[in-house]
Amino acid sequence: MVFSDQIRIRKVQETDLPAITDIYNDAIRHTTATFDTEQKTLDNRKQWLEQHSQKYPVVVAALNEKVIGWASLSKWSERAAYDDTAEISVYIHPDFRGKGIGRQLMQQVLHDGKKGGLHTVLSRITQGNEISIHLHKEMGFKIVGTLKQVGKKFGQLLDVTMMQKMY
Ligand SMILES: CC(C)(COP(=O)(O)OP(=O)(O)OC[C@H]1O[C@@H](n2cnc3c(N)ncnc32)[C@H](O)[C@@H]1OP(=O)(O)O)[C@@H](O)C(=O)NCCC(=O)NCCS
């Protein structure tokens, strides 16, 4: 049993990277939530973390110092006019889903991104991920469109719902 007062939501540290990598690699292997198909190395995730900052934050959920979930706001595009736009990601260890941790992580990372000066946050959600759509709506995101059959994973062509939150 996990109680919410045992979960600590905090800013990421470099030592969290092995757990972040494991959680993401599990989602790559077993879900269509990400369209990555190749496992990520620790070095790759180090580079990913270096692209984040106060404006593009990463937060983690820790249970007794073990990282069980993470959320990030990543730069949407390298083109400078997009600088105040980010994309949200949120991944929870499979043993800890459905316990309110995704909700807490999203709240915190969106709060931090606003403080950092972002103007809007986008999200790409694969068809069928009703839990994610529900949570995004709760966080103030609205559906802005559907990209038809833009991905193929596990042999299936998949639509992507675009959601957007304005600060
Ligand atoms: C999606 C994910 C991040 C959600 O995090 P979580 O900690 O499991 O979610 P929470 O427990 O905070 O909240 C789940 C919510 O979905 C609701 N829910 C559960 N099943 C649902 C369904 N079939 N349809 C709609 N809502 C549903 C729950 O009631 C809860 O909402 P509530 O708090 O309003 O009652 C997590 O399940 C995950 O890591 N999934 C795999 C990766 C992924 O899909 N990431 C998102 C990519 S866009």
# chains A, B, ... in the order shown; residues from 1 in each chain; ligands from 1
call {"tool": "residues_near_ligand", "arguments": {"ligand": "ligand 1", "cutoff": "7 Å", "atoms": "only C-alpha atoms and all ligand atoms", "output": "MDAnalysis selection string"}}
result
chainID A and resid 27 31 33:34 89:94 96:104 123:126 129:132 134:135
call {"tool": "write_last_selection", "arguments": {"atoms": "N, CA and C atoms", "output": "PDB file, in the first residue's frame"}}
result
ATOM      1  N   ALA A  27       8.490   1.622 -20.727  1.00  0.00           N
ATOM      2  CA  ALA A  27       7.382   2.151 -21.538  1.00  0.00           C
ATOM      3  C   ALA A  27       7.670   1.985 -23.039  1.00  0.00           C
ATOM      4  N   THR A  31       4.609  -0.181 -24.184  1.00  0.00           N
ATOM      5  CA  THR A  31       3.449   0.689 -24.427  1.00  0.00           C
ATOM      6  C   THR A  31       3.606   1.448 -25.749  1.00  0.00           C
ATOM      7  N   ALA A  33       2.666   4.587 -25.604  1.00  0.00           N
ATOM      8  CA  ALA A  33       2.643   5.960 -25.085  1.00  0.00           C
ATOM      9  C   ALA A  33       3.780   6.786 -25.694  1.00  0.00           C
ATOM     10  N   THR A  34       4.928   6.150 -25.905  1.00  0.00           N
ATOM     11  CA  THR A  34       6.037   6.817 -26.606  1.00  0.00           C
ATOM     12  C   THR A  34       6.236   6.132 -27.952  1.00  0.00           C
ATOM     13  N   SER A  89       5.967  15.376 -20.779  1.00  0.00           N
ATOM     14  CA  SER A  89       6.043  13.903 -20.734  1.00  0.00           C
ATOM     15  C   SER A  89       5.842  13.476 -19.292  1.00  0.00           C
ATOM     16  N   VAL A  90       5.189  12.342 -19.085  1.00  0.00           N
ATOM     17  CA  VAL A  90       5.024  11.821 -17.726  1.00  0.00           C
ATOM     18  C   VAL A  90       4.980  10.290 -17.776  1.00  0.00           C
ATOM     19  N   TYR A  91       5.811   9.675 -16.961  1.00  0.00           N
ATOM     20  CA  TYR A  91       5.924   8.205 -16.953  1.00  0.00           C
ATOM     21  C   TYR A  91       6.030   7.704 -15.516  1.00  0.00           C
ATOM     22  N   ILE A  92       5.186   6.738 -15.182  1.00  0.00           N
ATOM     23  CA  ILE A  92       5.173   6.153 -13.840  1.00  0.00           C
ATOM     24  C   ILE A  92       5.577   4.685 -13.948  1.00  0.00           C
ATOM     25  N   HIS A  93       6.368   4.222 -12.987  1.00  0.00           N
ATOM     26  CA  HIS A  93       6.733   2.797 -12.927  1.00  0.00           C
ATOM     27  C   HIS A  93       5.436   1.974 -12.920  1.00  0.00           C
ATOM     28  N   PRO A  94       5.390   0.887 -13.702  1.00  0.00           N
ATOM     29  CA  PRO A  94       4.129   0.126 -13.819  1.00  0.00           C
ATOM     30  C   PRO A  94       3.527  -0.321 -12.482  1.00  0.00           C
ATOM     31  N   PHE A  96       3.294   1.344  -9.868  1.00  0.00           N
ATOM     32  CA  PHE A  96       2.801   2.477  -9.070  1.00  0.00           C
ATOM     33  C   PHE A  96       1.798   3.336  -9.837  1.00  0.00           C
ATOM     34  N   ARG A  97       1.255   2.801 -10.927  1.00  0.00           N
ATOM     35  CA  ARG A  97       0.262   3.575 -11.689  1.00  0.00           C
ATOM     36  C   ARG A  97      -1.093   3.532 -10.981  1.00  0.00           C
ATOM     37  N   GLY A  98      -1.911   4.552 -11.247  1.00  0.00           N
ATOM     38  CA  GLY A  98      -3.274   4.589 -10.702  1.00  0.00           C
ATOM     39  C   GLY A  98      -3.330   4.955  -9.233  1.00  0.00           C
ATOM     40  N   LYS A  99      -2.265   5.560  -8.714  1.00  0.00           N
ATOM     41  CA  LYS A  99      -2.226   5.927  -7.288  1.00  0.00           C
ATOM     42  C   LYS A  99      -2.127   7.439  -7.100  1.00  0.00           C
ATOM     43  N   GLY A 100      -2.385   8.188  -8.161  1.00  0.00           N
ATOM     44  CA  GLY A 100      -2.380   9.645  -8.037  1.00  0.00           C
ATOM     45  C   GLY A 100      -1.016  10.292  -8.235  1.00  0.00           C
ATOM     46  N   ILE A 101      -0.002   9.492  -8.598  1.00  0.00           N
ATOM     47  CA  ILE A 101       1.357  10.045  -8.715  1.00  0.00           C
ATOM     48  C   ILE A 101       1.512  10.844 -10.016  1.00  0.00           C
ATOM     49  N   GLY A 102       0.924  10.347 -11.102  1.00  0.00           N
ATOM     50  CA  GLY A 102       0.982  11.080 -12.371  1.00  0.00           C
ATOM     51  C   GLY A 102       0.354  12.462 -12.220  1.00  0.00           C
ATOM     52  N   ARG A 103      -0.757  12.504 -11.545  1.00  0.00           N
ATOM     53  CA  ARG A 103      -1.436  13.786 -11.307  1.00  0.00           C
ATOM     54  C   ARG A 103      -0.518  14.754 -10.542  1.00  0.00           C
ATOM     55  N   GLN A 104       0.107  14.276  -9.472  1.00  0.00           N
ATOM     56  CA  GLN A 104       0.989  15.150  -8.664  1.00  0.00           C
ATOM     57  C   GLN A 104       2.190  15.641  -9.469  1.00  0.00           C
ATOM     58  N   SER A 123       1.051  18.505 -25.861  1.00  0.00           N
ATOM     59  CA  SER A 123       1.206  17.093 -25.535  1.00  0.00           C
ATOM     60  C   SER A 123       0.705  16.247 -26.692  1.00  0.00           C
ATOM     61  N   ARG A 124       1.467  15.205 -26.988  1.00  0.00           N
ATOM     62  CA  ARG A 124       1.054  14.249 -28.030  1.00  0.00           C
ATOM     63  C   ARG A 124       0.625  12.976 -27.323  1.00  0.00           C
ATOM     64  N   ILE A 125      -0.621  12.577 -27.497  1.00  0.00           N
ATOM     65  CA  ILE A 125      -1.137  11.409 -26.775  1.00  0.00           C
ATOM     66  C   ILE A 125      -1.629  10.365 -27.772  1.00  0.00           C
ATOM     67  N   THR A 126      -1.065   9.181 -27.656  1.00  0.00           N
ATOM     68  CA  THR A 126      -1.410   8.122 -28.605  1.00  0.00           C
ATOM     69  C   THR A 126      -2.839   7.649 -28.390  1.00  0.00           C
ATOM     70  N   ASN A 129      -5.120   6.096 -25.137  1.00  0.00           N
ATOM     71  CA  ASN A 129      -4.574   6.407 -23.804  1.00  0.00           C
ATOM     72  C   ASN A 129      -5.540   7.341 -23.056  1.00  0.00           C
ATOM     73  N   GLU A 130      -6.703   6.750 -22.705  1.00  0.00           N
ATOM     74  CA  GLU A 130      -7.779   7.562 -22.111  1.00  0.00           C
ATOM     75  C   GLU A 130      -7.388   8.131 -20.748  1.00  0.00           C
ATOM     76  N   ILE A 131      -6.556   7.397 -20.002  1.00  0.00           N
ATOM     77  CA  ILE A 131      -6.138   7.890 -18.683  1.00  0.00           C
ATOM     78  C   ILE A 131      -5.344   9.184 -18.863  1.00  0.00           C
ATOM     79  N   SER A 132      -4.453   9.183 -19.853  1.00  0.00           N
ATOM     80  CA  SER A 132      -3.635  10.361 -20.087  1.00  0.00           C
ATOM     81  C   SER A 132      -4.506  11.537 -20.548  1.00  0.00           C
ATOM     82  N   HIS A 134      -7.614  12.038 -19.880  1.00  0.00           N
ATOM     83  CA  HIS A 134      -8.369  12.479 -18.696  1.00  0.00           C
ATOM     84  C   HIS A 134      -7.499  13.392 -17.824  1.00  0.00           C
ATOM     85  N   LEU A 135      -6.286  12.949 -17.533  1.00  0.00           N
ATOM     86  CA  LEU A 135      -5.403  13.743 -16.664  1.00  0.00           C
ATOM     87  C   LEU A 135      -5.052  15.087 -17.292  1.00  0.00           C
TER      88      LEU A 135
END
call {"tool": "select_by_dssp", "arguments": {"residues": "chain A", "states": "alpha helix (DSSP H)", "output": "PyMOL selection string"}}
result
chain A and resi 17-30+42-50+101-116+130-138
call {"tool": "write_last_selection", "arguments": {"atoms": "N, CA and C atoms", "output": "CSV table (one decimal), in the first residue's frame"}}
result
chain,number,residue,atom,x,y,z
A,17,LEU,N,19.0,9.5,-12.8
A,17,LEU,CA,18.9,9.1,-14.2
A,17,LEU,C,18.8,7.5,-14.4
A,18,PRO,N,19.5,6.7,-13.6
A,18,PRO,CA,19.2,5.2,-13.9
A,18,PRO,C,17.8,4.8,-13.7
A,19,ALA,N,17.1,5.3,-12.7
A,19,ALA,CA,15.7,5.0,-12.5
A,19,ALA,C,14.8,5.6,-13.6
A,20,ILE,N,15.1,6.8,-14.0
A,20,ILE,CA,14.3,7.5,-15.1
A,20,ILE,C,14.5,6.7,-16.4
A,21,THR,N,15.7,6.3,-16.6
A,21,THR,CA,16.0,5.5,-17.8
A,21,THR,C,15.2,4.2,-17.8
A,22,ASP,N,15.2,3.5,-16.7
A,22,ASP,CA,14.6,2.2,-16.6
A,22,ASP,C,13.0,2.3,-16.8
A,23,ILE,N,12.5,3.4,-16.2
A,23,ILE,CA,11.0,3.6,-16.3
A,23,ILE,C,10.7,3.9,-17.8
A,24,TYR,N,11.5,4.7,-18.4
A,24,TYR,CA,11.2,5.1,-19.8
A,24,TYR,C,11.4,3.9,-20.7
A,25,ASN,N,12.5,3.1,-20.5
A,25,ASN,CA,12.7,1.9,-21.3
A,25,ASN,C,11.6,0.9,-21.2
A,26,ASP,N,11.1,0.7,-20.0
A,26,ASP,CA,9.9,-0.2,-19.9
A,26,ASP,C,8.7,0.3,-20.7
A,27,ALA,N,8.5,1.6,-20.7
A,27,ALA,CA,7.4,2.2,-21.5
A,27,ALA,C,7.7,2.0,-23.0
A,28,ILE,N,9.0,2.1,-23.4
A,28,ILE,CA,9.3,1.9,-24.8
A,28,ILE,C,9.0,0.5,-25.2
A,29,ARG,N,9.4,-0.5,-24.3
A,29,ARG,CA,9.2,-1.9,-24.7
A,29,ARG,C,7.7,-2.3,-24.7
A,30,HIS,N,6.9,-1.8,-23.7
A,30,HIS,CA,5.6,-2.3,-23.5
A,30,HIS,C,4.4,-1.5,-23.8
A,42,LEU,N,22.1,5.3,-20.6
A,42,LEU,CA,22.2,6.3,-19.6
A,42,LEU,C,22.9,7.5,-20.2
A,43,ASP,N,23.8,7.4,-21.1
A,43,ASP,CA,24.5,8.5,-21.7
A,43,ASP,C,23.5,9.4,-22.5
A,44,ASN,N,22.6,8.7,-23.2
A,44,ASN,CA,21.6,9.4,-23.9
A,44,ASN,C,20.7,10.2,-23.0
A,45,ARG,N,20.3,9.6,-21.8
A,45,ARG,CA,19.5,10.3,-20.9
A,45,ARG,C,20.2,11.5,-20.2
A,46,LYS,N,21.6,11.3,-20.1
A,46,LYS,CA,22.4,12.4,-19.5
A,46,LYS,C,22.2,13.6,-20.5
A,47,GLN,N,22.4,13.4,-21.8
A,47,GLN,CA,22.3,14.4,-22.7
A,47,GLN,C,20.9,15.0,-22.7
A,48,TRP,N,19.9,14.2,-22.6
A,48,TRP,CA,18.5,14.7,-22.5
A,48,TRP,C,18.3,15.6,-21.3
A,49,LEU,N,18.9,15.2,-20.1
A,49,LEU,CA,18.8,16.0,-18.9
A,49,LEU,C,19.5,17.4,-19.1
A,50,GLU,N,20.6,17.3,-19.8
A,50,GLU,CA,21.3,18.6,-20.0
A,50,GLU,C,20.5,19.6,-20.8
A,101,ILE,N,0.0,9.5,-8.6
A,101,ILE,CA,1.4,10.0,-8.7
A,101,ILE,C,1.5,10.8,-10.0
A,102,GLY,N,0.9,10.3,-11.1
A,102,GLY,CA,1.0,11.1,-12.4
A,102,GLY,C,0.4,12.5,-12.2
A,103,ARG,N,-0.8,12.5,-11.5
A,103,ARG,CA,-1.4,13.8,-11.3
A,103,ARG,C,-0.5,14.8,-10.5
A,104,GLN,N,0.1,14.3,-9.5
A,104,GLN,CA,1.0,15.2,-8.7
A,104,GLN,C,2.2,15.6,-9.5
A,105,LEU,N,2.8,14.7,-10.3
A,105,LEU,CA,3.9,15.1,-11.1
A,105,LEU,C,3.6,16.2,-12.1
A,106,MET,N,2.4,16.0,-12.8
A,106,MET,CA,2.0,16.9,-13.8
A,106,MET,C,1.7,18.3,-13.2
A,107,GLN,N,1.1,18.3,-12.0
A,107,GLN,CA,0.8,19.6,-11.4
A,107,GLN,C,2.1,20.3,-11.1
A,108,GLN,N,3.1,19.6,-10.5
A,108,GLN,CA,4.3,20.2,-10.1
A,108,GLN,C,5.1,20.7,-11.3
A,109,VAL,N,5.2,19.9,-12.4
A,109,VAL,CA,6.1,20.3,-13.5
A,109,VAL,C,5.4,21.5,-14.2
A,110,LEU,N,4.1,21.5,-14.3
A,110,LEU,CA,3.4,22.6,-15.0
A,110,LEU,C,3.5,23.9,-14.2
A,111,HIS,N,3.5,23.8,-12.8
A,111,HIS,CA,3.7,24.9,-12.0
A,111,HIS,C,5.1,25.5,-12.2
A,112,ASP,N,6.1,24.6,-12.2
A,112,ASP,CA,7.5,25.0,-12.4
A,112,ASP,C,7.8,25.7,-13.8
A,113,GLY,N,7.1,25.1,-14.8
A,113,GLY,CA,7.3,25.6,-16.1
A,113,GLY,C,6.7,27.1,-16.3
A,114,LYS,N,5.6,27.3,-15.6
A,114,LYS,CA,5.0,28.6,-15.6
A,114,LYS,C,5.9,29.6,-14.9
A,115,LYS,N,6.5,29.2,-13.8
A,115,LYS,CA,7.4,30.1,-13.0
A,115,LYS,C,8.6,30.3,-13.9
A,116,GLY,N,9.0,29.4,-14.7
A,116,GLY,CA,10.2,29.5,-15.6
A,116,GLY,C,10.0,30.4,-16.8
A,130,GLU,N,-6.7,6.7,-22.7
A,130,GLU,CA,-7.8,7.6,-22.1
A,130,GLU,C,-7.4,8.1,-20.7
A,131,ILE,N,-6.6,7.4,-20.0
A,131,ILE,CA,-6.1,7.9,-18.7
A,131,ILE,C,-5.3,9.2,-18.9
A,132,SER,N,-4.5,9.2,-19.9
A,132,SER,CA,-3.6,10.4,-20.1
A,132,SER,C,-4.5,11.5,-20.5
A,133,ILE,N,-5.4,11.3,-21.4
A,133,ILE,CA,-6.3,12.4,-21.9
A,133,ILE,C,-7.1,12.9,-20.7
A,134,HIS,N,-7.6,12.0,-19.9
A,134,HIS,CA,-8.4,12.5,-18.7
A,134,HIS,C,-7.5,13.4,-17.8
A,135,LEU,N,-6.3,12.9,-17.5
A,135,LEU,CA,-5.4,13.7,-16.7
A,135,LEU,C,-5.1,15.1,-17.3
A,136,HIS,N,-4.8,15.1,-18.6
A,136,HIS,CA,-4.4,16.3,-19.3
A,136,HIS,C,-5.6,17.3,-19.2
A,137,LYS,N,-6.8,16.8,-19.4
A,137,LYS,CA,-8.0,17.7,-19.3
A,137,LYS,C,-8.1,18.3,-17.9
A,138,GLU,N,-7.8,17.5,-16.8
A,138,GLU,CA,-7.9,17.9,-15.5
A,138,GLU,C,-6.8,19.0,-15.2
call {"tool": "residues_around", "arguments": {"residues": "Ala61 of chain A", "least_positions_apart": "5", "cutoff": "6 Å", "atoms": "only C-alpha atoms", "output": "PDB file with C-alpha atoms, in the first residue's frame"}}
result
ATOM      1  CA  ARG A   8       7.967  13.111  -2.324  1.00  0.00           C
ATOM      2  CA  ILE A   9       7.756  15.157  -5.514  1.00  0.00           C
ATOM      3  CA  VAL A  67      12.342   7.109  -8.001  1.00  0.00           C
ATOM      4  CA  ILE A  68       9.003   5.684  -9.174  1.00  0.00           C
ATOM      5  CA  GLY A  69       7.968   8.294 -11.738  1.00  0.00           C
TER       6      GLY A  69
END
call {"tool": "closest_residue", "arguments": {"among": "A:Gln164, A:Gln39, A:Gln6, A:Gln51", "to": "Thr85 of chain A", "atoms": "only C-alpha atoms"}}
result
A:Gln164
call {"tool": "atom_distance", "arguments": {"atom1": "atom CA of Val121 of chain A", "atom2": "atom CA of Thr15 of chain A"}}
result
26.8 Å
call {"tool": "select_by_dssp", "arguments": {"residues": "segment 30-140 of chain A", "states": "strand (DSSP E or B)", "output": "ChimeraX atom specification"}}
result
/A:58-63,66-75,85-92,120-126
call {"tool": "residues_around", "arguments": {"residues": "His52 of chain A", "least_positions_apart": "3", "cutoff": "10 Å", "atoms": "only C-alpha atoms", "output": "ChimeraX atom specification"}}
result
/A:47-49,55-58,72-75
call {"tool": "write_last_selection", "arguments": {"atoms": "N, CA and C atoms", "output": "short mmCIF file (atom, residue, chain, number, x, y, z; two decimals), in the first residue's frame"}}
result
data_model
loop_
_atom_site.label_atom_id
_atom_site.label_comp_id
_atom_site.auth_asym_id
_atom_site.auth_seq_id
_atom_site.Cartn_x
_atom_site.Cartn_y
_atom_site.Cartn_z
N GLN A 47 22.39 13.35 -21.76
CA GLN A 47 22.27 14.44 -22.75
C GLN A 47 20.88 15.05 -22.71
N TRP A 48 19.87 14.19 -22.56
CA TRP A 48 18.47 14.65 -22.46
C TRP A 48 18.32 15.58 -21.26
N LEU A 49 18.90 15.19 -20.13
CA LEU A 49 18.76 16.00 -18.91
C LEU A 49 19.45 17.36 -19.08
N LYS A 55 13.55 26.60 -16.87
CA LYS A 55 12.43 26.87 -17.79
C LYS A 55 11.84 25.56 -18.33
N TYR A 56 12.70 24.58 -18.56
CA TYR A 56 12.26 23.27 -19.08
C TYR A 56 12.54 22.24 -17.98
N PRO A 57 11.67 22.16 -16.96
CA PRO A 57 11.99 21.39 -15.76
C PRO A 57 11.76 19.88 -15.89
N VAL A 58 12.43 19.15 -15.00
CA VAL A 58 12.17 17.72 -14.81
C VAL A 58 11.93 17.52 -13.32
N SER A 72 8.46 15.77 -17.32
CA SER A 72 9.35 16.80 -17.87
C SER A 72 8.58 17.74 -18.78
N LEU A 73 9.13 18.95 -18.92
CA LEU A 73 8.71 19.88 -19.96
C LEU A 73 9.93 20.10 -20.83
N SER A 74 9.86 19.63 -22.07
CA SER A 74 11.01 19.71 -22.98
C SER A 74 10.74 20.76 -24.03
N LYS A 75 11.83 21.34 -24.52
CA LYS A 75 11.72 22.32 -25.60
C LYS A 75 10.94 21.71 -26.76
#
call {"tool": "closest_residue", "arguments": {"among": "A:Ser4, A:Thr120, A:Thr41, A:Gln149", "to": "Ala86 of chain A", "atoms": "only C-alpha atoms"}}
result
A:Thr120
call {"tool": "atom_distance", "arguments": {"atom1": "atom CA of Lys142 of chain A", "atom2": "atom CA of Asp95 of chain A"}}
result
28.7 Å
call {"tool": "atom_distance", "arguments": {"atom1": "atom CA of Glu65 of chain A", "atom2": "atom CA of Ile7 of chain A"}}
result
9.1 Å
call {"tool": "residues_around", "arguments": {"residues": "Asp159 of chain A", "least_positions_apart": "6", "cutoff": "8 Å", "atoms": "only C-alpha atoms", "output": "list in words"}}
result
Thr126, Gln127, Thr146, Leu147, Lys148, Gln149, Val150 and Gly151 of chain A
call {"tool": "residues_around", "arguments": {"residues": "Asp84 of chain A", "least_positions_apart": "5", "cutoff": "8 Å", "atoms": "only C-alpha atoms", "output": "list in words"}}
result
Gly117, Leu118, His119 and Thr120 of chain A
